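Trainee: Dropping in my_file-v9.cif, which is mmCIF, C-alpha atoms:
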data_coords
#
loop_
_atom_site.group_PDB
_atom_site.id
_atom_site.type_symbol
_atom_site.label_atom_id
_atom_site.label_comp_id
_atom_site.auth_asym_id
_atom_site.auth_seq_id
_atom_site.Cartn_x
_atom_site.Cartn_y
_atom_site.Cartn_z
ATOM 1 C CA MET A 1 0.000 0.000 0.000
ATOM 2 C CA SER A 2 2.844 2.373 0.841
ATOM 3 C CA ARG A 3 4.424 1.758 -2.566
ATOM 4 C CA LEU A 4 1.096 2.489 -4.309
ATOM 5 C CA LEU A 5 0.681 5.785 -2.416
ATOM 6 C CA THR A 6 4.256 6.780 -3.263
ATOM 7 C CA THR A 7 3.651 6.016 -6.943
ATOM 8 C CA ILE A 8 0.408 8.029 -6.956
ATOM 9 C CA ALA A 9 2.071 10.971 -5.181
ATOM 10 C CA THR A 10 4.996 10.949 -7.646
ATOM 11 C CA ALA A 11 2.662 10.799 -10.651
ATOM 12 C CA THR A 12 0.592 13.689 -9.255
ATOM 13 C CA ILE A 13 3.696 15.847 -8.798
ATOM 14 C CA LEU A 14 4.889 15.076 -12.336
ATOM 15 C CA ILE A 15 1.477 15.848 -13.854
ATOM 16 C CA ALA A 16 1.133 19.084 -11.860
ATOM 17 C CA GLY A 17 4.634 20.163 -12.898
ATOM 18 C CA THR A 18 3.882 19.477 -16.550
ATOM 19 C CA THR A 19 0.591 21.351 -16.397
ATOM 20 C CA LEU A 20 2.181 24.418 -14.812
ATOM 21 C CA ALA A 21 5.110 24.476 -17.242
ATOM 22 C CA GLN A 22 2.964 24.256 -20.382
ATOM 23 C CA ALA A 23 0.148 26.499 -21.545
ATOM 24 C CA GLN A 24 -1.913 27.044 -24.660
ATOM 25 C CA TRP A 25 -4.354 29.802 -25.572
ATOM 26 C CA SER A 26 -6.432 31.199 -28.394
ATOM 27 C CA ARG A 27 -8.480 34.329 -28.841
ATOM 28 C CA ASN A 28 -10.884 35.788 -31.355
ATOM 29 C CA GLY A 29 -12.412 39.218 -31.514
ATOM 30 C CA SER A 30 -14.038 41.836 -33.668
ATOM 31 C CA ALA A 31 -14.765 45.532 -33.570
ATOM 32 C CA THR A 32 -17.101 47.762 -35.531
ATOM 33 C CA GLY A 33 -16.277 51.395 -36.066
ATOM 34 C CA PRO A 34 -17.962 54.412 -37.646
ATOM 35 C CA GLY A 35 -19.987 53.665 -40.734
ATOM 36 C CA GLY A 36 -20.281 49.989 -39.824
ATOM 37 C CA ARG A 37 -16.729 49.142 -40.883
ATOM 38 C CA SER A 38 -15.393 46.185 -38.918
ATOM 39 C CA ILE A 39 -12.214 44.252 -38.271
ATOM 40 C CA THR A 40 -11.707 40.742 -36.984
ATOM 41 C CA SER A 41 -8.712 39.337 -35.193
ATOM 42 C CA GLN A 42 -7.735 35.829 -34.228
ATOM 43 C CA GLY A 43 -4.624 34.311 -32.796
ATOM 44 C CA GLY A 44 -3.127 32.032 -30.252
ATOM 45 C CA GLY A 45 -0.008 30.460 -28.938
ATOM 46 C CA SER A 46 1.575 27.962 -26.657
ATOM 47 C CA CYS A 47 4.345 27.762 -24.078
ATOM 48 C CA ALA A 48 6.672 24.924 -23.188
ATOM 49 C CA GLY A 49 10.197 24.635 -21.883
ATOM 50 C CA GLY A 50 10.623 28.342 -21.182
ATOM 51 C CA THR A 51 9.522 29.529 -24.640
ATOM 52 C CA CYS A 52 6.155 30.907 -25.708
ATOM 53 C CA ASN A 53 5.268 31.063 -29.413
ATOM 54 C CA PHE A 54 2.397 33.140 -30.765
ATOM 55 C CA GLY A 55 0.740 34.047 -34.029
ATOM 56 C CA GLY A 56 -2.381 35.580 -35.436
ATOM 57 C CA THR A 57 -4.190 37.412 -38.207
ATOM 58 C CA THR A 58 -6.162 40.656 -38.298
ATOM 59 C CA THR A 59 -8.513 41.288 -41.222
ATOM 60 C CA GLY A 60 -9.702 44.793 -42.026
ATOM 61 C CA PRO A 61 -12.950 46.099 -43.492
ATOM 62 C CA GLN A 62 -11.839 45.578 -47.095
ATOM 63 C CA GLY A 63 -10.777 41.974 -46.497
ATOM 64 C CA ARG A 64 -7.081 42.789 -46.357
ATOM 65 C CA SER A 65 -5.121 40.886 -43.710
ATOM 66 C CA ALA A 66 -2.020 41.414 -41.605
ATOM 67 C CA THR A 67 -0.255 38.601 -39.765
ATOM 68 C CA ARG A 68 2.069 38.407 -36.803
ATOM 69 C CA SER A 69 4.165 35.656 -35.282
ATOM 70 C CA GLY A 70 6.954 35.425 -32.781
ATOM 71 C CA SER A 71 8.308 34.035 -29.572
ATOM 72 C CA VAL A 72 9.417 35.004 -26.093
ATOM 73 C CA THR A 73 12.087 32.926 -24.345
ATOM 74 C CA ARG A 74 13.092 33.019 -20.715
ATOM 75 C CA THR A 75 16.881 33.255 -20.714
ATOM 76 C CA ALA A 76 17.374 33.544 -16.926
ATOM 77 C CA PRO A 77 15.152 34.251 -13.930
ATOM 78 C CA GLY A 78 13.361 37.509 -14.763
ATOM 79 C CA GLN A 79 15.188 37.879 -18.122
ATOM 80 C CA PHE A 80 13.513 37.388 -21.506
ATOM 81 C CA GLN A 81 14.357 37.566 -25.205
ATOM 82 C CA SER A 82 11.609 38.373 -27.705
ATOM 83 C CA ASN A 83 11.435 38.075 -31.506
ATOM 84 C CA GLY A 84 8.618 38.700 -33.938
ATOM 85 C CA THR A 85 7.629 39.244 -37.542
ATOM 86 C CA TYR A 86 4.716 41.357 -38.759
ATOM 87 C CA THR A 87 3.491 41.168 -42.348
ATOM 88 C CA GLY A 88 1.070 43.763 -43.693
ATOM 89 C CA PRO A 89 -1.683 43.457 -46.295
ATOM 90 C CA GLY A 90 0.686 44.363 -49.118
ATOM 91 C CA GLY A 91 3.178 41.639 -48.194
ATOM 92 C CA ARG A 92 5.743 43.964 -46.660
ATOM 93 C CA SER A 93 7.110 42.726 -43.362
ATOM 94 C CA ALA A 94 8.950 44.049 -40.356
ATOM 95 C CA THR A 95 10.861 42.146 -37.721
ATOM 96 C CA ARG A 96 11.642 43.068 -34.176
ATOM 97 C CA SER A 97 13.756 41.610 -31.436
ATOM 98 C CA GLY A 98 14.772 42.684 -27.984
ATOM 99 C CA SER A 99 15.242 41.699 -24.420
ATOM 100 C CA PHE A 100 13.526 42.779 -21.261
ATOM 101 C CA THR A 101 13.674 42.258 -17.508
ATOM 102 C CA ARG A 102 10.734 41.589 -15.257
ATOM 103 C CA ASN A 103 11.183 42.474 -11.601
#
Could you render the structure as structure tokens?
Mentor:
Amino acid sequence: MSRLLTTIATATILIAGTTLAQAQWSRNGSATGPGGRSITSQGGGSCAGGTCNFGGTTTGPQGRSATRSGSVTRTAPGQFQSNGTYTGPGGRSATRSGSFTRN
């Protein structure tokens, strides 16, 4: 019985640790402005092993879309590196990268 309880306790700790270290999300939204013009936006991402990846698309009132994707990586406690690419409706893109500290 003691061995069974130890096995269950170990499995619970491993599952809880995995759940806390990994995350996944998605979001969708829309907005309507003056004259009934609207935009929609959708995106999501996931985190595992100290890195979160994200991406999404925003579509404007004329059906033109812009996309974004990137990642944030924890490099040390409270230290992060971020990278991303944004592509506009005309196909032109911009990239960004940087680091930041969270206290």
Trainee: Ser65 in chain A: which residues within 7 Å, counting all atoms listed in the file, same-chain residues fewer than 5 positions away excluded, as an MDAnalysis selection string?
Mentor: chainID A and resid 57:60 88:89
Trainee: Per residue of range 20-66 of chain A within 12 Å of range 76-81 of chain A, which atom pair is closest and at what distance in Å (one decimal), using all atoms listed in the file, listed by chain and increasing number, as JSON lines?
Mentor:
{"residue": "A:Gly50", "atom": "CA", "partner": "A:Phe80", "partner_atom": "CA", "distance": 9.5}
{"residue": "A:Thr51", "atom": "CA", "partner": "A:Phe80", "partner_atom": "CA", "distance": 9.4}
{"residue": "A:Cys52", "atom": "CA", "partner": "A:Gln81", "partner_atom": "CA", "distance": 10.6}
{"residue": "A:Asn53", "atom": "CA", "partner": "A:Gln81", "partner_atom": "CA", "distance": 11.9}
Trainee: Excluding Ser46 in chain A and residues on its chain fewer than 4 positions from it, collect all residues at most 8 Å away from it, counting only C-alpha atoms, and give them as a PDB file with C-alpha atoms, in the frame of the given file.
Mentor:
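Saved file part.pdb follows:
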ATOM      1  CA  GLN A  22       2.964  24.256 -20.382  1.00  0.00           C
ATOM      2  CA  ALA A  23       0.148  26.499 -21.545  1.00  0.00           C
ATOM      3  CA  GLN A  24      -1.913  27.044 -24.660  1.00  0.00           C
ATOM      4  CA  TRP A  25      -4.354  29.802 -25.572  1.00  0.00           C
ATOM      5  CA  CYS A  52       6.155  30.907 -25.708  1.00  0.00           C
ATOM      6  CA  ASN A  53       5.268  31.063 -29.413  1.00  0.00           C
ATOM      7  CA  PHE A  54       2.397  33.140 -30.765  1.00  0.00           C
TER       8      PHE A  54
END
Trainee: Excluding range 28-30 of chain A and residues on its chain fewer than 5 positions from it, collect all residues at most 6 Å away from it, counting only C-alpha atoms, and give them as a list of chain:residue names.
Mentor: A:Ile39, A:Thr40, A:Ser41, A:Gln42
Trainee: Go ahead and write the residues just picked, C-alpha atoms, as a compact mmCIF listing (two decimals), keeping the file's coordinate frame.
Mentor:
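Saved the output as again_4.txt:
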# COMPACT_ATOMS: atom_id res chain seq x y z
CA ILE A 39 -12.21 44.25 -38.27
CA THR A 40 -11.71 40.74 -36.98
CA SER A 41 -8.71 39.34 -35.19
CA GLN A 42 -7.74 35.83 -34.23
Trainee: Kindly give the distance, in Å, that separates CA of Asn103 in chain A and CA of Ser82 in chain A, rounded to a single decimal.
Mentor: 16.6 Å
Trainee: One decimal, in Å: what's the spacing between CA of Gly43 in chain A and CA of Thr101 in chain A?
Mentor: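 Between these atoms lies a distance of 25.1 Å.
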Trainee: In terms of the shortest atom-to-atom distance over all atoms listed in the file, which of A:Gly70, A:Gly36, A:Ala48, A:Gln62 is closest to Tyr86 in chain A?
Mentor: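 Among the listed residues, A:Gly70 lies closest to Tyr86 in chain A.
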Trainee: When you draw a straight line from CA of Arg92 in chain A to CA of Arg64 in chain A, how long is it in Å?
Mentor: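 For CA of Arg92 in chain A relative to CA of Arg64 in chain A, the distance reads 12.9 Å.
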Trainee: What does the PyMOL selection byres ((chain A and resi 97) around 9) select in this file, as a list of chain:residue names?
Mentor: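 Evaluating the PyMOL selection byres ((chain A and resi 97) around 9) on these coordinates yields A:Gln81, A:Ser82, A:Asn83, A:Gly84, A:Thr85, A:Thr95, A:Arg96, A:Gly98, A:Ser99.
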